[in-house]
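For reference, final13.tsv is printed below; it contains TSV, C-alpha atoms and all ligand atoms.
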```tsv
chain	number	residue	atom	x	y	z
A	1	MET	CA	20.75	27.28	-84.11
A	2	SER	CA	20.24	26.47	-87.75
A	3	ARG	CA	22.27	23.88	-89.68
A	4	LEU	CA	23.76	26.82	-91.58
A	5	ASP	CA	25.22	28.72	-88.62
A	6	VAL	CA	28.99	28.46	-88.58
A	7	ARG	CA	30.14	29.16	-85.02
A	8	LYS	CA	33.28	27.08	-84.68
A	9	ALA	CA	36.63	27.20	-86.43
A	10	VAL	CA	39.51	24.77	-86.33
A	11	ILE	CA	43.02	26.15	-86.64
A	12	PRO	CA	45.57	23.36	-87.11
A	13	ALA	CA	48.80	24.34	-85.36
A	14	ALA	CA	50.66	21.13	-84.70
A	15	GLY	CA	53.05	21.27	-87.66
A	16	LEU	CA	56.78	21.13	-87.04
A	17	GLY	CA	57.58	24.28	-89.02
A	18	THR	CA	60.60	22.71	-90.67
A	19	ARG	CA	60.67	25.42	-93.36
A	20	PHE	CA	61.63	27.97	-90.71
A	21	LEU	CA	64.29	26.03	-88.82
A	22	PRO	CA	66.20	26.94	-86.73
A	23	ALA	CA	63.72	29.68	-85.68
A	24	THR	CA	61.08	27.02	-85.03
A	25	LYS	CA	63.29	24.53	-83.20
A	26	ALA	CA	61.94	25.50	-79.78
A	27	SER	CA	59.13	27.91	-80.59
A	28	PRO	CA	55.98	27.41	-82.64
A	29	LYS	CA	55.99	28.68	-86.22
A	30	GLU	CA	52.48	30.01	-85.54
A	31	MET	CA	54.09	32.52	-83.16
A	32	LEU	CA	56.40	34.03	-85.79
A	33	PRO	CA	55.48	37.71	-85.89
A	34	LEU	CA	54.25	39.65	-88.88
A	35	VAL	CA	55.52	43.02	-87.66
A	36	ASP	CA	54.25	42.78	-84.06
A	37	LYS	CA	51.51	40.16	-84.11
A	38	PRO	CA	51.99	36.40	-84.28
A	39	LEU	CA	50.72	34.70	-87.43
A	40	ILE	CA	48.08	32.74	-85.54
A	41	GLN	CA	46.51	35.93	-84.18
A	42	TYR	CA	45.75	37.03	-87.75
A	43	ALA	CA	43.89	33.73	-88.27
A	44	VAL	CA	41.96	34.13	-85.02
A	45	GLU	CA	41.05	37.73	-85.82
A	46	GLU	CA	39.84	36.74	-89.29
A	47	ALA	CA	37.67	34.02	-87.75
A	48	VAL	CA	36.21	36.38	-85.14
A	49	ALA	CA	35.56	39.08	-87.74
A	50	SER	CA	33.68	36.39	-89.71
A	51	GLY	CA	31.32	35.63	-86.82
A	52	ILE	CA	33.12	32.64	-85.28
A	53	GLU	CA	32.70	32.28	-81.50
A	54	ASP	CA	34.63	29.12	-80.66
A	55	ILE	CA	38.20	28.58	-81.82
A	56	ILE	CA	39.63	25.10	-81.61
A	57	ILE	CA	43.39	25.08	-81.94
A	58	VAL	CA	44.96	21.72	-82.73
A	59	THR	CA	48.34	21.80	-81.07
A	60	GLY	CA	51.21	19.45	-80.41
A	61	ARG	CA	54.40	19.22	-78.42
A	62	GLY	CA	56.26	22.50	-77.96
A	63	LYS	CA	53.24	24.67	-78.68
A	64	ARG	CA	52.53	25.99	-75.19
A	65	ALA	CA	53.35	29.55	-76.24
A	66	ILE	CA	50.13	29.58	-78.31
A	67	GLU	CA	47.98	28.85	-75.25
A	68	ASP	CA	49.85	31.45	-73.23
A	69	HIS	CA	49.37	34.01	-75.96
A	70	PHE	CA	45.57	33.72	-75.89
A	71	ASP	CA	45.46	33.56	-72.09
A	72	ARG	CA	45.67	36.52	-69.72
A	73	SER	CA	49.08	37.43	-68.38
A	74	VAL	CA	48.43	38.93	-64.97
A	75	GLU	CA	52.08	39.84	-64.30
A	76	LEU	CA	52.38	41.63	-67.64
A	77	GLU	CA	49.10	43.45	-67.05
A	78	GLU	CA	50.23	44.61	-63.59
A	79	ASN	CA	53.47	45.84	-65.08
A	80	LEU	CA	51.78	47.77	-67.91
A	81	LYS	CA	49.28	49.25	-65.44
A	82	GLY	CA	52.07	50.30	-63.07
A	83	ASN	CA	53.90	51.98	-65.95
A	84	GLY	CA	50.81	53.84	-67.16
A	85	LYS	CA	50.70	52.00	-70.50
A	86	ALA	CA	46.92	51.94	-70.70
A	87	GLN	CA	46.60	51.40	-74.45
A	88	LEU	CA	48.97	48.46	-74.51
A	89	LEU	CA	47.22	47.05	-71.45
A	90	SER	CA	43.83	47.09	-73.13
A	91	GLN	CA	45.31	45.53	-76.29
A	92	MET	CA	46.80	42.69	-74.21
A	93	ARG	CA	43.53	42.08	-72.36
A	94	HIS	CA	41.61	42.10	-75.62
A	95	ILE	CA	43.60	39.15	-77.01
A	96	SER	CA	42.24	36.75	-74.38
A	97	THR	CA	38.66	37.91	-74.96
A	98	LEU	CA	38.67	37.48	-78.74
A	99	ALA	CA	36.84	34.13	-78.61
A	100	ASN	CA	36.33	30.97	-76.57
A	101	PHE	CA	39.55	29.05	-77.05
A	102	CYS	CA	39.79	25.26	-76.81
A	103	TYR	CA	42.88	23.18	-77.40
A	104	VAL	CA	43.22	19.62	-78.53
A	105	ARG	CA	46.50	17.80	-79.02
A	106	GLN	CA	47.46	15.99	-82.17
A	107	THR	CA	49.83	13.47	-80.68
A	108	GLU	CA	51.51	12.56	-83.97
A	109	ALA	CA	52.07	14.68	-87.07
A	110	LEU	CA	49.91	12.52	-89.35
A	111	GLY	CA	48.72	15.25	-91.69
A	112	LEU	CA	46.13	18.01	-92.04
A	113	GLY	CA	43.22	15.57	-92.40
A	114	HIS	CA	44.19	13.92	-89.14
A	115	ALA	CA	44.55	17.31	-87.41
A	116	VAL	CA	40.99	18.24	-88.41
A	117	LEU	CA	39.75	14.84	-87.23
A	118	CYS	CA	41.26	15.55	-83.79
A	119	ALA	CA	38.69	18.37	-83.41
A	120	GLN	CA	35.68	16.13	-84.02
A	121	ARG	CA	34.58	15.84	-80.39
A	122	LEU	CA	34.72	19.60	-79.94
A	123	ILE	CA	32.82	20.32	-83.16
A	124	GLY	CA	30.03	17.79	-82.76
A	125	ASP	CA	27.29	17.72	-85.36
A	126	GLU	CA	27.44	21.16	-86.95
A	127	PRO	CA	29.17	22.84	-89.87
A	128	PHE	CA	32.52	24.37	-89.08
A	129	ALA	CA	35.35	26.36	-90.60
A	130	VAL	CA	39.00	25.45	-91.01
A	131	ILE	CA	41.63	28.19	-91.26
A	132	LEU	CA	45.25	27.48	-92.08
A	133	GLY	CA	47.24	30.21	-90.37
A	134	ASP	CA	50.11	30.05	-92.89
A	135	GLU	CA	47.88	31.75	-95.40
A	136	ILE	CA	47.25	35.39	-94.57
A	137	ILE	CA	44.39	37.04	-96.43
A	138	ASP	CA	44.22	40.80	-96.35
A	139	ALA	CA	40.77	41.82	-97.52
A	140	PRO	CA	38.09	44.41	-96.73
A	141	VAL	CA	35.61	41.52	-96.22
A	142	PRO	CA	37.47	38.80	-94.28
A	143	GLY	CA	38.23	35.74	-96.40
A	144	LEU	CA	36.31	33.40	-94.11
A	145	ALA	CA	33.30	35.75	-94.00
A	146	GLN	CA	33.14	35.54	-97.80
A	147	LEU	CA	33.05	31.74	-97.54
A	148	ILE	CA	30.43	31.64	-94.79
A	149	HIS	CA	28.20	33.95	-96.81
A	150	ALA	CA	28.49	31.62	-99.81
A	151	PHE	CA	27.94	28.54	-97.60
A	152	LYS	CA	24.60	29.91	-96.42
A	153	LYS	CA	23.53	30.43	-100.01
A	154	ARG	CA	24.83	27.17	-101.50
A	155	GLN	CA	24.33	24.87	-98.53
A	156	GLY	CA	27.25	22.60	-99.38
A	157	ALA	CA	30.90	22.34	-98.38
A	158	ILE	CA	32.79	25.31	-99.69
A	159	LEU	CA	36.49	25.85	-100.27
A	160	GLY	CA	38.31	29.17	-100.63
A	161	VAL	CA	40.41	29.22	-103.79
A	162	GLN	CA	42.55	31.59	-105.81
A	163	GLU	CA	44.38	31.20	-109.09
A	164	VAL	CA	48.07	30.42	-108.77
A	165	PRO	CA	50.77	30.31	-111.48
A	166	HIS	CA	50.76	26.91	-113.22
A	167	HIS	CA	54.28	26.08	-112.07
A	168	GLU	CA	53.16	26.45	-108.42
A	169	VAL	CA	50.22	24.02	-108.47
A	170	ASN	CA	52.41	21.38	-106.82
A	171	ARG	CA	52.27	23.37	-103.55
A	172	TYR	CA	48.48	23.24	-103.16
A	173	GLY	CA	45.28	21.26	-103.25
A	174	ILE	CA	43.92	21.95	-106.76
A	175	VAL	CA	40.25	21.77	-107.69
A	176	SER	CA	38.62	20.50	-110.84
A	177	PRO	CA	36.03	23.25	-111.34
A	178	LYS	CA	32.75	23.59	-113.21
A	179	THR	CA	32.02	27.31	-113.24
A	180	ILE	CA	28.51	28.25	-112.10
A	181	SER	CA	28.86	32.02	-111.94
A	182	PRO	CA	31.82	34.42	-111.91
A	183	GLY	CA	34.12	33.30	-109.10
A	184	VAL	CA	31.91	30.37	-108.02
A	185	HIS	CA	32.57	26.81	-109.15
A	186	ARG	CA	31.11	23.41	-108.48
A	187	VAL	CA	33.97	21.16	-107.34
A	188	GLU	CA	34.00	18.01	-109.45
A	189	GLY	CA	37.18	16.66	-107.97
A	190	LEU	CA	40.36	17.75	-106.28
A	191	ILE	CA	43.92	16.60	-106.02
A	192	GLU	CA	46.64	17.32	-103.48
A	193	LYS	CA	49.83	18.89	-104.82
A	194	PRO	CA	49.62	17.65	-108.43
A	195	THR	CA	52.36	18.16	-110.98
A	196	PRO	CA	51.50	20.87	-113.53
A	197	ALA	CA	50.69	18.09	-116.01
A	198	GLU	CA	48.27	16.39	-113.61
A	199	ALA	CA	46.55	19.58	-112.42
A	200	PRO	CA	42.93	19.94	-113.55
A	201	SER	CA	43.13	23.75	-113.22
A	202	ASN	CA	45.20	26.42	-111.49
A	203	LEU	CA	42.58	27.09	-108.81
A	204	ALA	CA	44.32	26.38	-105.52
A	205	VAL	CA	42.73	25.83	-102.13
A	206	ILE	CA	44.10	28.65	-100.01
A	207	GLY	CA	43.57	27.36	-96.50
A	208	ARG	CA	39.94	28.39	-95.89
A	209	TYR	CA	37.16	25.79	-95.74
A	210	VAL	CA	33.57	25.57	-94.48
A	211	LEU	CA	32.70	21.93	-94.01
A	212	PRO	CA	29.75	19.82	-92.90
A	213	PRO	CA	30.29	17.38	-90.00
A	214	GLU	CA	29.93	14.48	-92.49
A	215	ILE	CA	33.61	15.04	-93.32
A	216	PHE	CA	34.62	13.33	-90.05
A	217	SER	CA	33.34	9.85	-90.93
A	218	ILE	CA	35.20	10.13	-94.24
A	219	LEU	CA	38.38	11.34	-92.56
A	220	ARG	CA	38.29	8.37	-90.22
A	221	LYS	CA	38.53	6.08	-93.26
A	222	THR	CA	41.05	8.16	-95.22
A	223	ARG	CA	44.37	6.43	-95.71
A	224	PRO	CA	47.69	8.29	-95.89
A	225	GLY	CA	48.15	9.96	-99.29
A	226	LYS	CA	50.66	12.52	-100.57
A	227	ASN	CA	53.85	12.55	-98.45
A	228	GLY	CA	52.44	9.68	-96.35
A	229	GLU	CA	50.02	12.07	-94.60
A	230	ILE	CA	46.27	11.83	-94.07
A	231	GLN	CA	45.22	14.57	-96.44
A	232	LEU	CA	42.12	16.71	-95.98
A	233	THR	CA	42.06	17.05	-99.77
A	234	ASP	CA	41.61	13.27	-100.18
A	235	ALA	CA	38.66	13.26	-97.76
A	236	LEU	CA	37.15	16.26	-99.56
A	237	ARG	CA	37.36	14.39	-102.86
A	238	GLU	CA	35.25	11.61	-101.32
A	239	LEU	CA	32.77	14.11	-99.86
A	240	ALA	CA	32.42	15.79	-103.28
A	241	LYS	CA	31.27	12.43	-104.71
A	242	LYS	CA	28.41	12.29	-102.18
A	243	SER	CA	27.20	15.86	-101.86
A	244	PRO	CA	27.59	19.17	-103.68
A	245	MET	CA	30.82	21.02	-102.98
A	246	TYR	CA	31.75	24.49	-104.15
A	247	ALA	CA	34.85	26.61	-104.57
A	248	LEU	CA	34.67	30.35	-104.08
A	249	GLU	CA	37.39	32.62	-105.41
A	250	ILE	CA	38.24	34.69	-102.36
A	251	GLN	CA	38.64	38.42	-103.01
A	252	GLY	CA	41.70	39.81	-101.28
A	253	GLN	CA	45.45	39.83	-101.17
A	254	ARG	CA	46.88	36.49	-100.09
A	255	TYR	CA	50.30	35.92	-98.61
A	256	ASP	CA	51.77	32.45	-98.22
A	257	ALA	CA	53.54	33.15	-94.94
A	258	GLY	CA	54.41	29.45	-94.57
A	259	ASP	CA	57.16	30.01	-97.09
A	260	LYS	CA	60.23	32.17	-96.34
A	261	LEU	CA	59.84	34.46	-99.33
A	262	GLY	CA	56.08	34.78	-98.80
A	263	PHE	CA	56.69	35.55	-95.14
A	264	LEU	CA	59.17	38.30	-96.01
A	265	ILE	CA	56.80	39.81	-98.57
A	266	ALA	CA	53.94	39.77	-96.02
A	267	THR	CA	56.22	41.38	-93.44
A	268	VAL	CA	57.16	44.20	-95.80
A	269	GLU	CA	53.54	44.80	-96.85
A	270	PHE	CA	52.19	44.82	-93.29
A	271	ALA	CA	55.03	47.03	-92.11
A	272	LEU	CA	54.27	49.51	-94.91
A	273	LYS	CA	50.59	49.54	-93.89
A	274	ASN	CA	51.40	50.07	-90.23
A	275	PRO	CA	50.60	53.70	-89.36
A	276	SER	CA	53.47	54.15	-86.93
A	277	LEU	CA	56.11	52.34	-89.01
A	278	GLY	CA	54.99	52.56	-92.60
A	279	PRO	CA	56.09	56.05	-93.70
A	280	GLU	CA	59.61	55.76	-92.31
A	281	PHE	CA	60.02	52.15	-93.43
A	282	GLY	CA	58.80	53.12	-96.93
A	283	GLU	CA	61.43	55.85	-97.11
A	284	TYR	CA	64.07	53.40	-96.01
A	285	LEU	CA	63.03	50.87	-98.68
A	286	GLN	CA	63.03	53.49	-101.42
A	287	ASP	CA	66.45	54.63	-100.40
A	288	ARG	CA	67.68	51.06	-100.12
A	289	MET	CA	66.70	50.42	-103.75
A	290	ARG	CA	68.83	53.30	-105.07
A	291	PRO	CA	72.33	52.55	-106.35
A	292	THR	CA	74.75	52.98	-103.43
A	293	GLU	CA	76.23	56.28	-104.63
A	294	GLY	CA	72.78	57.87	-105.07
A	295	ARG	CA	71.57	57.07	-101.58
A	296	ARG	CA	70.55	60.00	-99.47
A	297	MET	CA	70.66	60.24	-95.73
A	298	THR	CA	66.87	60.19	-95.36
A	299	ARG	CA	65.13	60.23	-92.02
A	300	SER	CA	64.82	56.48	-92.33
A	301	LYS	CA	68.52	56.17	-93.01
A	302	LYS	CA	69.18	58.17	-89.90
A	303	ALA	CA	66.72	55.94	-88.08
A	304	GLN	CA	68.57	52.92	-89.41
A	305	SER	CA	71.90	54.21	-88.15
A	306	ARG	CA	70.22	54.97	-84.84
A	307	HIS	CA	69.02	51.38	-84.67
A	308	THR	CA	72.27	49.81	-85.73
A	309	ARG	CA	74.46	51.92	-83.46
A	310	LYS	CA	75.84	50.15	-80.46
A	311	THR	CA	74.10	51.22	-77.29
B	1	LIG	C1	47.74	22.51	-97.16
B	1	LIG	C2	46.69	21.68	-97.90
B	1	LIG	C3	46.60	22.13	-99.36
B	1	LIG	C4	46.32	23.62	-99.42
B	1	LIG	C5	47.41	24.37	-98.66
B	1	LIG	C6	47.10	25.84	-98.58
B	1	LIG	O1	49.01	22.16	-97.65
B	1	LIG	O2	47.02	20.32	-97.80
B	1	LIG	O3	45.57	21.42	-100.00
B	1	LIG	O4	46.25	24.05	-100.76
B	1	LIG	O5	47.52	23.89	-97.32
B	1	LIG	O6	48.14	26.53	-97.96
B	1	LIG	P1	50.37	22.54	-96.83
B	1	LIG	O7	50.68	23.95	-97.22
B	1	LIG	O8	50.05	22.40	-95.38
B	1	LIG	O9	51.39	21.58	-97.31
```

How would this structure read if it were set down as structure tokens?
Amino acid sequence: MSRLDVRKAVIPAAGLGTRFLPATKASPKEMLPLVDKPLIQYAVEEAVASGIEDIIIVTGRGKRAIEDHFDRSVELEENLKGNGKAQLLSQMRHISTLANFCYVRQTEALGLGHAVLCAQRLIGDEPFAVILGDEIIDAPVPGLAQLIHAFKKRQGAILGVQEVPHHEVNRYGIVSPKTISPGVHRVEGLIEKPTPAEAPSNLAVIGRYVLPPEIFSILRKTRPGKNGEIQLTDALRELAKKSPMYALEIQGQRYDAGDKLGFLIATVEFALKNPSLGPEFGEYLQDRMRPTEGRRMTRSKKAQSRHTRKT
């Protein structure tokens, strides 16, 4: 194994999901479905499609459903087999074979930096990826694969970024960039959730990182920052002072599914792309946008009345 192989990914999943209460009162926000797949499965599939073999999920109280999701469900499999649902059966089996899954508990919600630190023992002394499952990236080349490719070339920590509107910089870690080539920047500094006036740019970290193991010793010394949490961004700022760090503008459509509006937009887009739902859902949306009197009874409208009728 070379020092440039990235085989492990950390997916922090211990957050309380307060933005989605009450849906997340007793079930993990990571299990909210985009159409028919939980958010965290998109993150896992992106990691696997990027060459990751080991997935370390940092969980907390009330997150058992995540472990069950990536485990086999023998009863369900028996049932699907008995009912001749072969395709669904193979899809269900596939989920548990996507990667080697390991779980580590973050006993207190002390921030993203702390969550990553919890994975130290399982990462050891090799570079690793971090994927934040709230951010969904829909791209022909998976977002993380783009980063890993750049990591091998640059040989320094690398952060996935995209431009965001200036008034939204206070929702992200923002980098201070020195452009090296189109879409690639040397990171000269970074700041967590700055005000628009404080922000050094509008290049936001979009929840994809490839990091060297040296980040752990820095994280151990990082004090609580923004919102009283141990911020990964603060540790990265220290790392950038010691060794080269880069930001790569990730090519692809990003959805911030950690936010209600972003989640709804992602749901609509993924539903429209879904081969078995998309055409009828598209018709429904088009019809829905017409003024009431102009609405036609399209197939989707009929489908809607079928679905809203009492059974
Ligand atoms: C986290 C990071 C932030 C990053 C963002 C991407 O913030 O702290 O630097 O830009 O994810 O989604 P959170 O959204 O968890 O508050």

- line: In terms of all atoms listed in the file, the residue from A:Val164, A:Ala49, A:Ile218, A:Val184 at minimal distance from ligand LIG 1 (chain B) is A:Val164

message: as a list in words, please: every protein or nucleic acid residue near ligand LIG 1 (chain B) (cut-off 9 Å, counting only C-alpha atoms and all ligand atoms).
response: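 For ligand LIG 1 (chain B), the residues inside 9 Å are Gly15, Gly111, Leu112, Gly113, Leu132, Gly133, Asp134, Glu135, Val161, Val169, Arg171, Tyr172, Gly173, Ile174, Leu190, Ile191, Glu192, Lys193, Ala204, Val205, Ile206, Gly207, Arg208, Gln231, Leu232, Thr233, Asp256, Gly258 and Asp259 of chain A.
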
Kindly provide, as AutoDock Vina command-line options, the centre and edge lengths (Å, one decimal) of an axis-aligned box around all atoms of range 64-77 of chain A given in the file, with 8 Å on each side.
```
--center_x 49.4 --center_y 34.7 --center_z -71.3 --size_x 23.9 --size_y 33.5 --size_z 30.0
```

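Compared by their closest atoms to Leu144 in chain A, and using all atoms listed in the file, the residues A:Ser50, A:Gln253, A:Asn274, A:Ser217 rank with A:Ser50 nearest.
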
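Here the residues that fall within 8 Å of (43.4, 35.9, -81.4), using all atoms listed in the file, are given as Ile40, Gln41, Tyr42, Ala43, Val44, Glu45, Phe70, Ile95, Ser96, Leu98 and Ala99 of chain A.
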
Got time to write the residues from that selection, C-alpha atoms, as a PDB file, in the coordinates of the input?
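again-v2.pdb, written as the output of this step:
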```pdb
ATOM      1  CA  ILE A  40      48.080  32.740 -85.540  1.00  0.00           C
ATOM      2  CA  GLN A  41      46.510  35.930 -84.180  1.00  0.00           C
ATOM      3  CA  TYR A  42      45.750  37.030 -87.750  1.00  0.00           C
ATOM      4  CA  ALA A  43      43.890  33.730 -88.270  1.00  0.00           C
ATOM      5  CA  VAL A  44      41.960  34.130 -85.020  1.00  0.00           C
ATOM      6  CA  GLU A  45      41.050  37.730 -85.820  1.00  0.00           C
ATOM      7  CA  PHE A  70      45.570  33.720 -75.890  1.00  0.00           C
ATOM      8  CA  ILE A  95      43.600  39.150 -77.010  1.00  0.00           C
ATOM      9  CA  SER A  96      42.240  36.750 -74.380  1.00  0.00           C
ATOM     10  CA  LEU A  98      38.670  37.480 -78.740  1.00  0.00           C
ATOM     11  CA  ALA A  99      36.840  34.130 -78.610  1.00  0.00           C
TER      12      ALA A  99
END
```

- prompt: With distances taken over all atoms listed in the file, which of A:Ala257, A:Ile230, A:Leu236, A:Leu76 is nearest to Pro38 in chain A?
  reply: A:Ala257

task: Kindly indicate which residue among A:Ala115, A:Leu261, A:Ala150, A:Val187 lies nearest to Glu238 in chain A, using all atoms listed in the file for the distances.
output: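 Answer, going by the shortest atom-to-atom distance: A:Val187.
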
Just save range 271-280 of chain A with all heavy atoms, as a short mmCIF file (atom, residue, chain, number, x, y, z; two decimals), in the first residue's frame.
```
data_model
loop_
_atom_site.label_atom_id
_atom_site.label_comp_id
_atom_site.auth_asym_id
_atom_site.auth_seq_id
_atom_site.Cartn_x
_atom_site.Cartn_y
_atom_site.Cartn_z
N ALA A 271 -36.49 12.28 -7.93
CA ALA A 271 -37.74 11.63 -8.36
C ALA A 271 -37.90 11.78 -9.87
O ALA A 271 -38.28 10.84 -10.57
CB ALA A 271 -38.93 12.24 -7.63
N LEU A 272 -37.56 12.98 -10.39
CA LEU A 272 -37.69 13.19 -11.84
C LEU A 272 -36.73 12.30 -12.63
O LEU A 272 -37.03 11.88 -13.73
CB LEU A 272 -37.45 14.68 -12.17
CG LEU A 272 -38.57 15.64 -11.76
CD1 LEU A 272 -38.13 17.09 -11.96
CD2 LEU A 272 -39.85 15.37 -12.55
N LYS A 273 -35.58 12.01 -12.02
CA LYS A 273 -34.58 11.16 -12.71
C LYS A 273 -34.90 9.68 -12.60
O LYS A 273 -34.29 8.87 -13.27
CB LYS A 273 -33.20 11.40 -12.06
CG LYS A 273 -32.49 12.59 -12.61
CD LYS A 273 -31.17 12.80 -11.92
CE LYS A 273 -30.26 11.58 -12.01
NZ LYS A 273 -28.89 11.87 -11.63
N ASN A 274 -35.80 9.34 -11.69
CA ASN A 274 -36.09 7.93 -11.44
C ASN A 274 -36.90 7.35 -12.61
O ASN A 274 -37.98 7.85 -12.92
CB ASN A 274 -36.87 7.84 -10.12
CG ASN A 274 -37.14 6.42 -9.70
OD1 ASN A 274 -37.82 5.70 -10.40
ND2 ASN A 274 -36.59 6.04 -8.57
N PRO A 275 -36.39 6.30 -13.26
CA PRO A 275 -37.06 5.82 -14.47
C PRO A 275 -38.50 5.38 -14.24
O PRO A 275 -39.36 5.60 -15.11
CB PRO A 275 -36.21 4.62 -14.92
CG PRO A 275 -35.00 4.63 -14.08
CD PRO A 275 -35.19 5.55 -12.92
N SER A 276 -38.82 4.82 -13.08
CA SER A 276 -40.19 4.34 -12.92
C SER A 276 -41.14 5.42 -12.39
O SER A 276 -42.35 5.27 -12.46
CB SER A 276 -40.22 3.10 -12.03
OG SER A 276 -39.77 3.44 -10.76
N LEU A 277 -40.60 6.50 -11.86
CA LEU A 277 -41.45 7.56 -11.30
C LEU A 277 -41.44 8.83 -12.13
O LEU A 277 -42.43 9.55 -12.18
CB LEU A 277 -40.90 7.97 -9.93
CG LEU A 277 -41.26 7.26 -8.67
CD1 LEU A 277 -40.48 7.90 -7.52
CD2 LEU A 277 -42.75 7.42 -8.41
N GLY A 278 -40.26 9.10 -12.70
CA GLY A 278 -39.98 10.41 -13.29
C GLY A 278 -41.03 10.91 -14.26
O GLY A 278 -41.56 12.03 -14.08
N PRO A 279 -41.37 10.14 -15.32
CA PRO A 279 -42.29 10.69 -16.32
C PRO A 279 -43.63 11.11 -15.72
O PRO A 279 -44.10 12.23 -15.95
CB PRO A 279 -42.46 9.53 -17.31
CG PRO A 279 -41.22 8.70 -17.14
CD PRO A 279 -40.85 8.83 -15.69
N GLU A 280 -44.19 10.26 -14.88
CA GLU A 280 -45.51 10.58 -14.33
C GLU A 280 -45.43 11.73 -13.31
O GLU A 280 -46.28 12.62 -13.28
CB GLU A 280 -46.10 9.33 -13.66
CG GLU A 280 -47.61 9.37 -13.66
CD GLU A 280 -48.22 8.05 -13.23
OE1 GLU A 280 -47.52 7.01 -13.21
OE2 GLU A 280 -49.42 8.06 -12.90
#
```
